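Q: Take this structure, written in structure tokens, and hold onto it; I'll ask about it next.
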Amino acid sequence: MVALAPALIGAPACAREEQSYNFDLPSQELGESLRAVAAQSGWQLYAPADAVKARRAPALRGRLSVQDAVNQLLAGTGLTARFADRTVIVRTGDSADSADSAVSNDPAIVVTGSRIPGAVVASVVTRVDREAIKAAGQTDLGEAVRALPQNFSGGQNPGVGTGAGQINTNVNSASNVNLRGLGPDATLTLLNGHRLPYDSAFGGVDISAIPVAALDRIEVVADGASAIYGSDAVAGVVNVILRRDYDGVATSAQFGASTDGGNVRGQFDLVAGTRWSHGGLIAAYDFARNSAIAAKDRDYTSPLDGANSLYPEQRRHALTLAGHHELAPGISLSFDALYANRHSITTGGTAAARYVFAPDAETYSISPELSVALGSDWTMRVLGTWGRDRTHYDTRFSPAGSIETRTTGCYCNSAWSAEVNAEGPLFALGGGDARMAMGAGYRNNGMAFSRVIGAAAPDAFDVAQGSTYGFAEINLPFVTAANAISGVRRLSVTAAARYESYPGIAKLATPRIGIVYAPLEDITLKASWARSFKAPTLFQQYVGHQAYLLPGASVGATGTVLYTSGGNPGLKPERARSWQAGAVFEPGAVPGLRVEASYFDVRYTDRVVQPIAGSIAAAFNNPGFATLIGFDPAAGTLAGIIAGAQFGLQNFSGQAYSPDAVTALVDNRYTNVAAQKIRGVDVRARWQTALSADRNLALEVAGSWLDSKQQLTAALPQTLLSGQVFNPPRMRARSGVTYQSPRFAGSMFTNYTGALRDARFAQAARLRPQVTFDLALRYDLIAKATPDAEPPLALSLTVNNLGNARPGRIAVTGPTDTPFDSTNYSAIGRFIAIGVARRW
């Protein structure tokens with residue numbers, strides 16, 4: 001099977017069979033005509049590669065629905081088509097079982113947010129395909145997801161500087177997705193529906209390790225999805241879907257630099273593939289290298305030392321392989337694999353105490369899948385994943401006039417899983433077959449952490465956590481346009497549930513229900529409700545904890561006080577309840593226009609934090625921290641904490657330790673105590689029109705308004721997160737215009753980041769909104785054979801941040817802090833690049 005055309009940017013709606021489009025296609029290869037129909041309508045279309053190969057399609061002209069257009073193209077070929085949720089699946093004219101298995105056996109037919117192919121997802125799904133990424137001048141998936149209004153650039157991302165808090169520590173310059181700003185560990189990132197090993201310490205996945213050349217599309221569901229995928233899918237799920245087939249070889253290269261200095265970047269990629277009668281193989285390689293941006297290159301960085309890095313020097317290799325083969329009728333084997341290696345260098349500190357942070361990150365994984373048609377349109381799949389992600393860090397600290405200290409270690413993550421599932425029809429309903437997916441599996445995550453400072457004893461652990469799970473999902477299409485009644489053009493309900501057992505931590509059941517209702521031809525309403533969870537990370541559980549004995553007088557107490565912070569093996573899962581409701585408007589009077597808006601609400605509890613961020617003396621005077629302070633602690637409790645402490649008891653009390661003299665225990669280890677409330681609105685609109693037979697214009701706008709608050713303990717007041725520095729702004733938006741002709745393509749995008757407030761000091765400050773413009777142009781030196789083919793030879797120009805907008809300055813707490821909010825603004829400034837692409 002081969003994905004003949006990805007969906008255009010936008011989210012799926014109900015299949016509106018009656019909507020028509022103006023087609024003007026010549027007689028050509030069947031695959032090219034099917035591709036053109038899908039591209040013009042924004043539908044996804046899949047077909048067996050060997051079935052459409054070398055077939056001619058008749059000319060297609062006139063105003064037709066997608067169904068009529070596809071059926072005219074397939075007339076007389078013996079092929080048939082199945083239509084569901086803006087998706088067309090072309091099948092051979094064999095028996096029903098073998099024909100329908102074309103749907104079930106193809107792992108490329110992915111519905112992110114559901115286990116059932118063709119299911120109507122009640123949540124908003126944002127799709128960004130490879131062509132849209134290329135049209136925007138983006139060269140890696142990290143850039144692509146950071147441009148999404150729902151994503152926050154804080155967390156683990158290159159260019160995030162110091163002073164933004166531990167969760168925003170740039171460990172290895174990876175690119176993690178961070179939906180709603182809930183943290184990279186609360187967003188699940190998949191590759192072709194398969195999990196990947198975690199990156200570094202914070203539970204995210206490095207999405208930049210996947211070459212753009214291998215991509216078909218990215219699908220983002222910004223809604224709780226643990227009932228479908230398990231742990232981590234609290235803020236949502238991001239599914240990176242690879243190209244299914246490719247035949248030939250293509251290369252591209254880009255060279256550019258920031259106009260203010262630094263960030264001289266070169267990038268090269270290659271994609272090659274082949275197809276045969278029963279399968280195909282595709283390989284993609286990407287290499288990128290950029291120089292650093294130093295503080296001396298920018299005039300808004302004082303008092304930061306000029307040698308400090310605002311953006312790290314990086315070198316990246318990335319390789320992806322994907323293949324599939326039909327072993328026998330109804331039995332197919334597929335796999336995807338990736339390897340990536342990245343080295344970065346970051347300079348920090350001051351002239352009196354310099355450090356150089358130079359981590360090496362390496363990740364690799366392989367995910368095989370065996371699919372077997374069971375008959376009656378049921379399919380069984382056996383699949384697994386094995387992967388490793390290793391960040392070896394090497395930090396050199398060089399105080400002036402003193403001996404250099406070297407810190408080395410590894411955040412070494414591993415993951416493997418195995419699953420068996422089945423999917424197929426249960427019974428007939430008015431809108432089609434009720435279908436079910438069900439399965440069970442086992443997943444294991446491991447982490448080997450080490451830190452060695454000079455000749456000191458190492459801080460290290462090597463642990464693994466396994467979990468078993470079972471799930472079921474059902475899709476009930478009660479009404480479609482084919483049997484619509486007055487006031488009900490479409491009505492479908494989906495329900496899912498998952499049970500997961502983490503030995504020693506918890507057993508959880510997470511449900512999800514969704515409804516799609518279209519009262520009129522132009523309007524579709526969607527709503528979903530779900531519970532989700534996130535297991536505590538192994539780093540949060542097992543990183544060493546410390547024990548300090550302090551004089552009670554220093555905190556306003558008597559006797560002595562034991563203070564402990566660090567890892568906590570007793571952590572439990574974080575839990576969330578989310579609901580979402582929205583509407584899709586596709587007016588028949590304005591062909592090509594699609595507007596989607598949704599409201600979301602998340603209640604996230606038992607969040608794992610180290611709650612006391614400042615002085616513990618202040619905690620004694622604030623009743624909100626009372627639950628973290630145990631007065632007159634038991635001797636056995638104290639002994640257990642001291643015995644497990646990384647360096648034993650560190651006594652700063654000035655007297656010998658005696659459990660009887662300890663009047664208070666302050667427990668600031670990671671704990672399930674914080675609660676967050678997140679609500680907001682997402683809006684996306686796109687209008688595409690044909691200016692002529694071979695010229696198209698598209699306009700789009702997307703925005704997200706976010707209101708998020710956090711409460712550290714039940715006795716403390718809520719604090720605002722959104723709109724505060726080092727957190728997502730309350731408003732982000734991106735709009736653009738794209739023009740395409742036979743030899744030329746151009747796009748202009750506007751990016752808006754809302755105002756931020758810095759309330760860390762007595763005098764609060766406001767950072768004004770920022771607007772940037774991105775320009776991307778491409779000219780084909782050799783004309784394409786067909787409108788949807790790759791150009792044989794093309795030149796491109798990319799200009800990001802055309803007006804060279806600069807970040808606003810903020811006050812700092814020390815001489816090494818980055819003097820702007822590097823989680824929301826970039827030091828890159830205006831970036832200009834030229835590129836060349838060649839199809840061989």
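By order in the structure tokens, chains are A, B, ...; within a chain, residues start at 1; ligands start at 1, following the order shown.
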Skipping near chain neighbours, those fewer than 3 positions away, what residues fall within 8 Å of A:Leu34 using only C-alpha atoms, listed as a PyMOL selection string?

A: chain A and resi 4+30-31+37-38+45+70+73

Q: Take the selection from the previous step and output its residues with C-alpha atoms, as a tab-separated table (two decimals), in the first residue's frame.

A:
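Final file, result.tsv:
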chain	number	residue	atom	x	y	z
A	4	LEU	CA	-0.63	8.67	-2.55
A	30	LEU	CA	-3.82	6.77	-12.46
A	31	GLY	CA	-1.63	7.45	-9.43
A	37	VAL	CA	-7.84	14.75	-6.44
A	38	ALA	CA	-6.57	14.21	-2.88
A	45	LEU	CA	-5.92	8.69	-0.23
A	70	VAL	CA	-12.52	8.86	-7.67
A	73	LEU	CA	-11.01	7.53	-12.38

Q: Enumerate, in order of chain and increasing residue number, the residues of stretch 227-300 of chain A with an atom no farther than 12 Å from stretch 118-142 of chain A, each with its shortest atom pair and distance in Å to one decimal, counting only C-alpha atoms, as a tab-separated table.

A:
residue	atom	partner	partner_atom	distance
A:Ile228	CA	A:Val121	CA	11.7
A:Gly236	CA	A:Ser123	CA	10.1
A:Val237	CA	A:Val125	CA	9.8
A:Val238	CA	A:Thr126	CA	9.5
A:Asn239	CA	A:Arg127	CA	9.7
A:Val240	CA	A:Leu141	CA	9.3
A:Ile241	CA	A:Asp129	CA	9.3
A:Leu242	CA	A:Arg130	CA	9.7
A:Arg243	CA	A:Arg130	CA	9.3
A:Ser252	CA	A:Thr139	CA	10.2
A:Ala253	CA	A:Thr139	CA	9.6
A:Gln254	CA	A:Thr139	CA	8.5
A:Phe255	CA	A:Thr139	CA	10.9
A:Gly256	CA	A:Gly137	CA	11.5
A:Arg265	CA	A:Thr139	CA	10.9
A:Gly266	CA	A:Thr139	CA	10.4
A:Gln267	CA	A:Thr139	CA	7.8
A:Phe268	CA	A:Thr139	CA	9.3
A:Asp269	CA	A:Thr139	CA	9.4
A:Tyr285	CA	A:Asp140	CA	11.9
A:Asp286	CA	A:Asp140	CA	9.1
A:Phe287	CA	A:Asp140	CA	10.3
A:Ala288	CA	A:Thr139	CA	9.1
A:Arg289	CA	A:Thr139	CA	11.7

Q: Calculated over only C-alpha atoms, which of the candidates A:Thr480, A:Thr738, A:Ser231, A:Ser578 has the smallest distance to A:Pro519?

A: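 Distance minimum relative to A:Pro519 lands on A:Thr480.
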
Q: As an exercise, work out the distance from atom CA of A:Phe600 to atom CA of A:Arg115 in Å and give it to one decimal place.

A: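 We find that atom CA of A:Phe600 and atom CA of A:Arg115 lie 22.4 Å from each other.
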
Q: With the cut-off set at 9 Å and counting only C-alpha atoms, tabulate each residue of stretch 178-283 of chain A with an atom at most that distance from an atom of stretch 354-375 of chain A, showing the nearest atom pair and its distance in Å to one decimal, ordered by chain and increasing number, as JSON lines.

A:
{"residue": "A:His194", "atom": "CA", "partner": "A:Ser367", "partner_atom": "CA", "distance": 7.0}
{"residue": "A:Arg195", "atom": "CA", "partner": "A:Ser367", "partner_atom": "CA", "distance": 8.8}
{"residue": "A:Leu196", "atom": "CA", "partner": "A:Ser365", "partner_atom": "CA", "distance": 7.0}
{"residue": "A:Pro197", "atom": "CA", "partner": "A:Ser365", "partner_atom": "CA", "distance": 7.6}
{"residue": "A:Asp199", "atom": "CA", "partner": "A:Thr363", "partner_atom": "CA", "distance": 8.3}
{"residue": "A:Ser200", "atom": "CA", "partner": "A:Ala361", "partner_atom": "CA", "distance": 8.6}
{"residue": "A:Asp206", "atom": "CA", "partner": "A:Thr363", "partner_atom": "CA", "distance": 8.8}
{"residue": "A:Ala209", "atom": "CA", "partner": "A:Thr363", "partner_atom": "CA", "distance": 7.9}

Q: Output the selection as a tab-separated table (two decimals), in the first residue's frame - all heavy atoms for each residue.

A:
chain	number	residue	atom	x	y	z
A	194	HIS	N	4.44	4.15	17.01
A	194	HIS	CA	5.26	3.39	17.95
A	194	HIS	C	5.97	4.34	18.91
A	194	HIS	O	6.41	5.43	18.52
A	194	HIS	CB	6.31	2.56	17.21
A	194	HIS	CG	5.73	1.62	16.21
A	194	HIS	ND1	6.18	1.52	14.91
A	194	HIS	CD2	4.71	0.73	16.30
A	194	HIS	CE1	5.49	0.61	14.26
A	194	HIS	NE2	4.58	0.13	15.09
A	195	ARG	N	6.14	3.90	20.14
A	195	ARG	CA	6.87	4.70	21.12
A	195	ARG	C	8.37	4.70	20.83
A	195	ARG	O	8.91	3.76	20.24
A	195	ARG	CB	6.64	4.15	22.54
A	195	ARG	CG	5.28	4.51	23.13
A	195	ARG	CD	5.13	3.93	24.51
A	195	ARG	NE	3.90	4.37	25.14
A	195	ARG	CZ	3.80	5.35	26.01
A	195	ARG	NH1	4.89	6.03	26.36
A	195	ARG	NH2	2.64	5.69	26.55
A	196	LEU	N	9.03	5.75	21.27
A	196	LEU	CA	10.47	5.91	21.14
A	196	LEU	C	11.09	6.01	22.54
A	196	LEU	O	10.40	6.35	23.50
A	196	LEU	CB	10.80	7.16	20.33
A	196	LEU	CG	10.35	7.16	18.87
A	196	LEU	CD1	10.50	8.55	18.27
A	196	LEU	CD2	11.14	6.14	18.08
A	197	PRO	N	12.38	5.73	22.67
A	197	PRO	CA	13.00	5.88	23.99
A	197	PRO	C	13.02	7.33	24.42
A	197	PRO	O	13.11	8.25	23.60
A	197	PRO	CB	14.42	5.33	23.78
A	197	PRO	CG	14.66	5.44	22.31
A	197	PRO	CD	13.32	5.24	21.66
A	199	ASP	N	14.36	10.85	26.03
A	199	ASP	CA	15.59	11.61	25.85
A	199	ASP	C	16.01	12.25	27.16
A	199	ASP	O	15.17	12.85	27.85
A	199	ASP	CB	15.36	12.68	24.77
A	199	ASP	CG	16.49	13.67	24.70
A	199	ASP	OD1	17.57	13.29	24.24
A	199	ASP	OD2	16.29	14.83	25.13
A	200	SER	N	17.26	12.11	27.54
A	200	SER	CA	17.87	12.73	28.72
A	200	SER	C	17.06	12.47	29.98
A	200	SER	O	16.64	11.35	30.22
A	200	SER	CB	18.13	14.22	28.49
A	200	SER	OG	16.94	14.96	28.41
A	206	ASP	N	13.32	13.31	21.37
A	206	ASP	CA	13.95	14.25	20.45
A	206	ASP	C	13.36	14.09	19.05
A	206	ASP	O	13.72	13.17	18.32
A	206	ASP	CB	15.46	14.01	20.43
A	206	ASP	CG	16.18	14.97	19.50
A	206	ASP	OD1	15.57	15.99	19.12
A	206	ASP	OD2	17.34	14.70	19.14
A	209	ALA	N	15.50	14.18	15.64
A	209	ALA	CA	16.27	13.02	15.20
A	209	ALA	C	15.67	12.35	13.98
A	209	ALA	O	16.27	11.41	13.44
A	209	ALA	CB	16.37	12.00	16.35

Q: Show which residues sit within 10 Å of A:Gly703, as a ChimeraX atom specification. Count only C-alpha atoms, and ignore same-chain residues fewer than 2 positions away.

A: /A:148-150,597,681-685,701,705-706,731-735,751-752

Q: Nearest to A:Ala328 among A:Ala213, A:Arg316, A:Gly279, A:Thr162, with distances taken over only C-alpha atoms: which residue is it?

A: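 Smallest distance to A:Ala328 is found for A:Gly279.
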
Q: Rank nothing, just name the residue among A:Ile116, A:Val271, A:Ala235, A:Ile832 nearest to A:Ala250, using only C-alpha atoms.

A: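 The answer is A:Val271, which sits nearest to A:Ala250.
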
Q: Name the closest residue to A:Lys534 among the candidates A:Ser309, A:Ser33, A:Asn157, A:Ser226; distances are taken between atoms, counting only C-alpha atoms.

A: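 Checking each candidate against A:Lys534, we get A:Ser226 as the closest.
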
Q: So that I can check the secondary structure, give me every residue of stretch 538-631 of chain A assigned alpha helix (DSSP H) by backbone DSSP, as a list of chain:residue names.

A: A:Leu538, A:Phe539, A:Gln540, A:Gln541, A:Tyr542, A:Ile616, A:Ala617, A:Ala618, A:Ala619, A:Phe620

Q: Go ahead and dump the residues you just picked, all heavy atoms, as a short mmCIF file (atom, residue, chain, number, x, y, z; two decimals), in the first residue's frame.

A:
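Listing of out-v6.cif after writing:
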data_model
loop_
_atom_site.label_atom_id
_atom_site.label_comp_id
_atom_site.auth_asym_id
_atom_site.auth_seq_id
_atom_site.Cartn_x
_atom_site.Cartn_y
_atom_site.Cartn_z
N LEU A 538 11.79 7.86 35.85
CA LEU A 538 12.78 7.14 36.65
C LEU A 538 13.76 8.09 37.30
O LEU A 538 14.26 7.84 38.40
CB LEU A 538 13.50 6.12 35.76
CG LEU A 538 12.62 5.00 35.21
CD1 LEU A 538 13.39 4.14 34.23
CD2 LEU A 538 12.06 4.13 36.34
N PHE A 539 14.06 9.20 36.63
CA PHE A 539 14.95 10.21 37.22
C PHE A 539 14.31 10.79 38.48
O PHE A 539 14.98 10.95 39.51
CB PHE A 539 15.24 11.30 36.20
CG PHE A 539 16.24 12.32 36.67
CD1 PHE A 539 17.59 12.08 36.57
CD2 PHE A 539 15.81 13.54 37.20
CE1 PHE A 539 18.52 13.02 37.01
CE2 PHE A 539 16.72 14.48 37.63
CZ PHE A 539 18.09 14.21 37.54
N GLN A 540 13.02 11.13 38.42
CA GLN A 540 12.35 11.68 39.60
C GLN A 540 12.33 10.69 40.76
O GLN A 540 12.40 11.08 41.91
CB GLN A 540 10.92 12.07 39.23
CG GLN A 540 10.81 13.26 38.31
CD GLN A 540 9.39 13.45 37.78
OE1 GLN A 540 8.60 12.51 37.73
NE2 GLN A 540 9.07 14.67 37.37
N GLN A 541 12.25 9.42 40.43
CA GLN A 541 12.18 8.42 41.49
C GLN A 541 13.53 8.08 42.10
O GLN A 541 13.64 7.91 43.32
CB GLN A 541 11.56 7.13 40.94
CG GLN A 541 10.11 7.26 40.51
CD GLN A 541 9.59 5.97 39.92
OE1 GLN A 541 9.26 5.02 40.64
NE2 GLN A 541 9.52 5.90 38.60
N TYR A 542 14.57 7.98 41.26
CA TYR A 542 15.79 7.33 41.73
C TYR A 542 17.03 8.20 41.75
O TYR A 542 18.09 7.72 42.18
CB TYR A 542 16.06 6.09 40.88
CG TYR A 542 14.98 5.04 41.05
CD1 TYR A 542 14.02 4.84 40.06
CD2 TYR A 542 14.90 4.29 42.21
CE1 TYR A 542 13.01 3.89 40.22
CE2 TYR A 542 13.90 3.35 42.39
CZ TYR A 542 12.96 3.15 41.38
OH TYR A 542 11.96 2.23 41.55
N ILE A 616 14.04 27.60 52.98
CA ILE A 616 13.16 26.78 53.81
C ILE A 616 12.70 27.55 55.04
O ILE A 616 11.70 27.19 55.67
CB ILE A 616 13.82 25.45 54.22
CG1 ILE A 616 15.03 25.69 55.14
CG2 ILE A 616 14.21 24.64 53.00
CD1 ILE A 616 15.56 24.41 55.75
N ALA A 617 13.41 28.63 55.39
CA ALA A 617 12.96 29.47 56.50
C ALA A 617 11.61 30.08 56.17
O ALA A 617 10.71 30.16 57.03
CB ALA A 617 13.99 30.55 56.78
N ALA A 618 11.42 30.50 54.90
CA ALA A 618 10.13 31.06 54.50
C ALA A 618 9.04 30.00 54.57
O ALA A 618 7.88 30.30 54.85
CB ALA A 618 10.23 31.63 53.08
N ALA A 619 9.40 28.73 54.30
CA ALA A 619 8.40 27.66 54.36
C ALA A 619 7.87 27.47 55.78
O ALA A 619 6.70 27.15 55.98
CB ALA A 619 9.01 26.36 53.84
N PHE A 620 8.71 27.69 56.80
CA PHE A 620 8.27 27.56 58.19
C PHE A 620 7.25 28.65 58.54
O PHE A 620 6.39 28.45 59.39
CB PHE A 620 9.47 27.64 59.14
CG PHE A 620 10.12 26.32 59.38
CD1 PHE A 620 11.06 25.83 58.49
CD2 PHE A 620 9.78 25.55 60.49
CE1 PHE A 620 11.67 24.61 58.70
CE2 PHE A 620 10.39 24.32 60.71
CZ PHE A 620 11.33 23.85 59.80
#

Q: Can you tell me, as a list of chain:residue names, what residues are no more than 8 Å from A:Val177 when counting only C-alpha atoms, ignoring any on the same chain fewer than 5 positions away?

A: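 Using only C-alpha atoms, the neighbours found are A:Gly142, A:Val145, A:Arg146, A:Asn151, A:Phe152, A:Ser153, A:Pro184, A:Thr187, A:Thr189, A:Gly204, A:Val205, A:Ile207, A:Val238.
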
Q: In terms of the shortest atom-to-atom distance over only C-alpha atoms, which of A:Ala557, A:Cys412, A:Val171, A:Ile828 is closest to A:Asn290?

A: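 The shortest atom-to-atom distance to A:Asn290 comes from A:Ile828.
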
Q: Write out as a PyMOL selection string all residues of stretch 203-446 of chain A that backbone DSSP assigns to strand (DSSP E or B).

A: chain A and resi 204+215-221+236-242+248-258+265-276+279-290+293-294+309-311+313-328+331-350+353-357+360-375+378-399+405-429+432-446

Q: Tell me, as a ChimeraX atom specification, which residues lie within 7 Å of stretch 54-68 of chain A, counting only C-alpha atoms; anything in the same chain fewer than 3 positions away does not count.

A: /A:17-30,33,71-73

Q: Give me a file of those residues, with C-alpha atoms, as a PDB file, in the first residue's frame.

A:
ATOM      1  CA  GLU A  17     -19.634  13.407   0.533  1.00  0.00           C
ATOM      2  CA  GLU A  18     -21.669  16.081  -1.229  1.00  0.00           C
ATOM      3  CA  GLN A  19     -19.037  18.845  -1.268  1.00  0.00           C
ATOM      4  CA  SER A  20     -17.795  19.306  -4.814  1.00  0.00           C
ATOM      5  CA  TYR A  21     -14.657  20.685  -6.418  1.00  0.00           C
ATOM      6  CA  ASN A  22     -13.667  21.962  -9.854  1.00  0.00           C
ATOM      7  CA  PHE A  23     -11.378  19.407 -11.495  1.00  0.00           C
ATOM      8  CA  ASP A  24      -9.445  19.863 -14.723  1.00  0.00           C
ATOM      9  CA  LEU A  25      -7.062  16.907 -15.074  1.00  0.00           C
ATOM     10  CA  PRO A  26      -5.644  15.511 -18.304  1.00  0.00           C
ATOM     11  CA  SER A  27      -5.447  11.823 -19.118  1.00  0.00           C
ATOM     12  CA  GLN A  28      -2.377  10.610 -17.223  1.00  0.00           C
ATOM     13  CA  GLU A  29      -1.136   7.880 -14.878  1.00  0.00           C
ATOM     14  CA  LEU A  30      -3.823   6.769 -12.455  1.00  0.00           C
ATOM     15  CA  SER A  33      -4.746  11.702 -10.996  1.00  0.00           C
ATOM     16  CA  ASN A  71     -15.167   6.537  -9.059  1.00  0.00           C
ATOM     17  CA  GLN A  72     -14.764   8.055 -12.546  1.00  0.00           C
ATOM     18  CA  LEU A  73     -11.005   7.528 -12.379  1.00  0.00           C
TER      19      LEU A  73
END
